[in-house]
Structures are given as structure tokens and as C-alpha cells.
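For reference, the structure is listed below as C-alpha cells.
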Amino acid sequence: MDIVLVVVLAIVGWFAGAAVWVVAHAQAAKRHPFGGPACDACGAPLGRLAWLPLFGFGMARRCPACGLSQSALRPLFEVAVAAFFALLAARQGWSLDLLAAVLFSLPLLVILLVDWWTKLIYTNVIGAGLLLGFGFSLIDGYRALINSLLSATGAVLVFGLLFVLAAVVYRNVRVVPFGLGDVYLAAMIGAMVRYPAVVSALFLGIFLAGFILILLLATKRVSRRSAVPYGPFLCAGALITLLTN
């Protein structure tokens with residue numbers, strides 16, 4: 001294990017976590033993704049320092065307009081991303097695979113947050129993820145590119161079928177567990193992790209979704225008629241697959 005690399009990637013992940021939160025928050029609020037940090041409540045700009053971890057190291061914690069303290073979940077998310085990047089570095093070392101995993105994780109993390117907050121998946125982030133997946137596959141050679149293309153296509157076919165079945169079974173479209181965004185997300189994951197890893201990534205996401213939904217139902221956090229986004233669990237499955245493969 002290269003300790004220096006692990007520490008460097010942890011720091012990179014800490015800063016990346018802050019940036020991902022800002023971008024996801026902007027997209028969830030239907031603002032330009034790179035329009036800058038804004039208050040959770042009133043939408044007032046928080047200043048450029050808020051791009052940095054810990055709300056600009058404490059200097060952008062409160063909104064200058066309404067005085068509201070920003071979400072305490074953000075620093076926890078930043079630490080989680082830092083830990084994830086450090087684990088990637090520890091497992092993969094200096095390699096192209098490490099660079100790919102780090103870059104792949106960024107759109108996955110944005111989608112995870114935005115879909116959890118809004119139940120929406122934006123195609124511009126999906127497009128960026130597809131380009132990254134196909135781009136790194138091309139670097140690995142034409143066989144890897146074909147694998148990536150076929151994996152994305154297979155994921156679309158499987159999740160497209162699930163989407164159609166869900167639309168038939170569920171009468172209320174607001175509680176359908178699969179949306180077209182999840183179909184696109186499955187394609188992006190397929191392009192990134194390729195076959196056979198795409199199988200474990202998607203099945204892990206499905207398992208996580210079912211497990212968490214059972215817990216939420218058991219604790220009465222949601223009802224059987226509640227709409228629970230599926231994308232965050234698919235993203236989590238893909239992130240775990242990036243870490244373990």
C-alpha cells in the first residue's frame with residue numbers, strides 16, 4: 001500500500017465531495033450545475049469559499065442573506081467521499097484503473113444525491129458518465145470498447161423491460177419504482193464497469209434498494225404508497241463494484 005497515494009486521494013476526495021455536493025444541490029434546485037454554492041433555504045449565493053470543504057473551512061457556514069446554517073449532512077458526505085477515494089487508492093495503487101474509478105464516481109455521486117432529493121435523474125450527467133465509460137474503454141482497446149457498448153445495451157434492455165413491467169403493474173405512476181432515468185443510469189453503469197461486473201453492480205443495487213425499503217417500511221418511515229427513488233441504490237451498487245473489482 002502506498003501511504004502517500006492514499007493520503008493524497010483522501011484529500012482529493014474531501015475536496016471532490018464538497019464540489020459534488022454543490023453541483024448536486026444546484027441541479028436539484030434546477031439552477032446551473034456550476035452556478036456556485038447557494039443557501040439551502042432562500043437560494044442566496046454563499047460565495048466561492050463554499051466550494052471548499054466544511055463550508056469553506058467554516059467561513060461560509062451561514063447564509064449571508066437569511067442567516068440559516070447549512071445542512072450538517074454535507075461535511076459527513078465530504079468525509080465519506082474522502083474515505084471512498086482513499087480505499088480506491090489502497091486497493092488499486094497508481095494505475096489507469098484508479099483514475100477511471102475516481103472519475104466514474106463523480107457522476108455516480110451527483111446522481112445519487114440529486115435522485116434522492118428530487119427523484120429525478122438528469123440526462124446531462126448520464127451523458128457525461130457514458131462518455132467517460134466509453135472513453136476509458138477505448139483506451140483499453142477495441143475489445144474493451146465492444147464490451148462497454150454491449151454491457152450498456154444489455155443493461156438498457158433489462159431495465160427497459162423492468163420499466164415496462166412496472167408501468168403495467170403499478171396504477172399510480174408516482175410510485176413506480178423504475179423510471180426512464182433508471183434505465184439510462186443502468187446503461188451508464190454498464191458502460192463504466194462492463195461485463196461481467198455490470199451484473200454484480202446492478203444486482204447489488206437492486207438488493208440494496210429492497211433491503212433499505214424493507215427497513216423503511218418496518219420503521220414506518222415510508223408507506224407502501226410512497227415513492228422511493230431507485231437510482232441512489234444503483235449508484236451505490238456501482239460504487240461498491242468500482243471499489244471491489
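Here's how to read the names in the C-alpha cells: chain A, B, ... by the order shown, residue numbers from 1 in each chain, ligand numbers from 1 in the order shown.
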*asked:* Give me, as a count of residues only, the residues of segment 150-227 of chain A that a backbone DSSP run labels helix (DSSP H, G or I).
replied: 59
*asked:* When you look at Cys39 of chain A with a cut-off of 9 Å (counting only C-alpha atoms), what residues show up, excluding the ones that are within fewer than 3 positions of it in the same chain? I need them as a PyMOL selection string.
replied: chain A and resi 42-46+62-66+68-70
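Among the candidate residues A:Val23, A:Val183, A:Val158, A:Leu149, the one lying nearest to Gly35 of chain A is A:Val23, with distances computed using only C-alpha atoms.
Nearest to Ile189 of chain A of all the residues A:Trp117, A:Phe233, A:Phe104, A:Phe136 is A:Phe104, based on only C-alpha atoms.
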*Tell me, in Å to one decimal, how far atom CA of Ala152 of chain A is from atom CA of Gly129 of chain A.*
11.5 Å
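Across the structure, atom CA of Tyr142 of chain A and atom CA of Ala90 of chain A are spaced 28.8 Å apart.
Proximity ranking of A:Trp94, A:Leu132, A:Gly47, A:Gly237 relative to Met59 of chain A places A:Gly47 first, based on only C-alpha atoms.
Considering the residues A:Val110, A:Leu216, A:Leu138, A:Val156 and counting only C-alpha atoms, Val81 of chain A has its shortest atom-to-atom contact with A:Val110.
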*Between A:Leu162, A:Met188, A:Ala80, A:Val4, which one has atoms that come closest to Ala128 of chain A, using only C-alpha atoms?*
A:Met188
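Rounded to one decimal, atom CA of Leu217 of chain A and atom CA of Lys119 of chain A lie 18.3 Å from each other.
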*Using only C-alpha atoms, which residues sit within 7 Å of Arg194 of chain A once same-chain residues fewer than 3 positions away are excluded, as a ChimeraX atom specification?*
/A:147-148,151,190-191,197-198
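In this comparison, which uses only C-alpha atoms, the residue of A:Ala187, A:Leu112, A:Met1, A:Ala18 approaching Glu78 of chain A most closely is A:Ala18.
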_Leu202 of chain A environment, 8 Å, only C-alpha atoms, sequence neighbours closer than 6 positions dropped, as a ChimeraX atom specification_ = /A:186,234,237-238
*Tell me, as JSON, numbers by chain, which residues lie within 9 Å of Arg74 of chain A, counting only C-alpha atoms; anything in the same chain fewer than 6 positions away does not count.*
{"A": [17, 18, 21, 53, 54, 55]}
Requested write-out: C-alpha atoms of the selected residues, as a PDB file, in the first residue's frame:
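Output contents, as saved in again_1.pdb:
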```pdb
ATOM      1  CA  GLY A  17     -17.058  15.660  -2.056  1.00  0.00           C
ATOM      2  CA  ALA A  18     -17.573  19.370  -1.434  1.00  0.00           C
ATOM      3  CA  TRP A  21     -22.460  18.443  -3.109  1.00  0.00           C
ATOM      4  CA  PRO A  53     -14.790  21.507   2.338  1.00  0.00           C
ATOM      5  CA  LEU A  54     -16.503  22.281   5.645  1.00  0.00           C
ATOM      6  CA  PHE A  55     -18.325  25.224   4.060  1.00  0.00           C
TER       7      PHE A  55
END
```
Using only C-alpha atoms, find each residue of segment 76-166 of chain A with at least one atom at most 9 Å away from an atom of segment 27-34 of chain A; report its shortest atom-to-atom pair and that distance in Å (one decimal), sort the rows by chain and rising residue number, and return the result as JSON lines.
```
{"residue": "A:Val110", "atom": "CA", "partner": "A:Gln27", "partner_atom": "CA", "distance": 8.9}
{"residue": "A:Leu113", "atom": "CA", "partner": "A:Ala28", "partner_atom": "CA", "distance": 8.5}
{"residue": "A:Val114", "atom": "CA", "partner": "A:Ala28", "partner_atom": "CA", "distance": 5.5}
{"residue": "A:Asp115", "atom": "CA", "partner": "A:Ala28", "partner_atom": "CA", "distance": 8.2}
{"residue": "A:Trp117", "atom": "CA", "partner": "A:Ala28", "partner_atom": "CA", "distance": 7.0}
{"residue": "A:Thr118", "atom": "CA", "partner": "A:Ala28", "partner_atom": "CA", "distance": 6.3}
{"residue": "A:Leu120", "atom": "CA", "partner": "A:Ala28", "partner_atom": "CA", "distance": 8.2}
{"residue": "A:Tyr122", "atom": "CA", "partner": "A:Gln27", "partner_atom": "CA", "distance": 8.4}
```
For those residues, write N, CA and C atoms to a file as an mmCIF file, in the first residue's frame.
```cif
data_model
loop_
_atom_site.group_PDB
_atom_site.id
_atom_site.type_symbol
_atom_site.label_atom_id
_atom_site.label_comp_id
_atom_site.auth_asym_id
_atom_site.auth_seq_id
_atom_site.Cartn_x
_atom_site.Cartn_y
_atom_site.Cartn_z
ATOM 1 N N VAL A 110 -23.139 12.461 -7.967
ATOM 2 C CA VAL A 110 -24.093 13.536 -8.267
ATOM 3 C C VAL A 110 -25.492 12.958 -8.444
ATOM 4 N N LEU A 113 -27.142 11.815 -5.092
ATOM 5 C CA LEU A 113 -27.702 12.902 -4.290
ATOM 6 C C LEU A 113 -28.952 13.492 -4.924
ATOM 7 N N VAL A 114 -28.868 13.835 -6.199
ATOM 8 C CA VAL A 114 -29.985 14.521 -6.859
ATOM 9 C C VAL A 114 -31.222 13.631 -6.905
ATOM 10 N N ASP A 115 -31.041 12.361 -7.226
ATOM 11 C CA ASP A 115 -32.195 11.463 -7.299
ATOM 12 C C ASP A 115 -32.810 11.245 -5.921
ATOM 13 N N TRP A 117 -32.819 13.402 -3.469
ATOM 14 C CA TRP A 117 -33.503 14.637 -3.084
ATOM 15 C C TRP A 117 -34.750 14.910 -3.913
ATOM 16 N N THR A 118 -34.688 14.632 -5.198
ATOM 17 C CA THR A 118 -35.744 15.097 -6.111
ATOM 18 C C THR A 118 -36.475 13.980 -6.863
ATOM 19 N N LEU A 120 -35.335 12.643 -9.476
ATOM 20 C CA LEU A 120 -35.073 12.947 -10.883
ATOM 21 C C LEU A 120 -33.623 12.600 -11.220
ATOM 22 N N TYR A 122 -30.882 13.451 -14.278
ATOM 23 C CA TYR A 122 -30.702 14.357 -15.410
ATOM 24 C C TYR A 122 -29.798 13.718 -16.465
#
```
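Residues in contact range of Phe84 of chain A, defined as at most 10 Å between only C-alpha atoms, with sequence neighbours fewer than 6 positions away removed, read A:Leu9, A:Ala10, A:Gly13, A:Trp14, A:Glu78, A:Ala90, A:Val102, A:Ser105, A:Leu239, A:Ile240, A:Leu243.
The shell of residues at most 12 Å from Gly160 of chain A, with only C-alpha atoms counted and near chain neighbours (fewer than 6 positions) removed, consists of Ala152, Thr153, Gly154, Ala166, Ala167, Phe178, Gly179, Leu180, Gly181, Asp182, Val183, Tyr184, Leu185, Ala186 and Ala187 of chain A.
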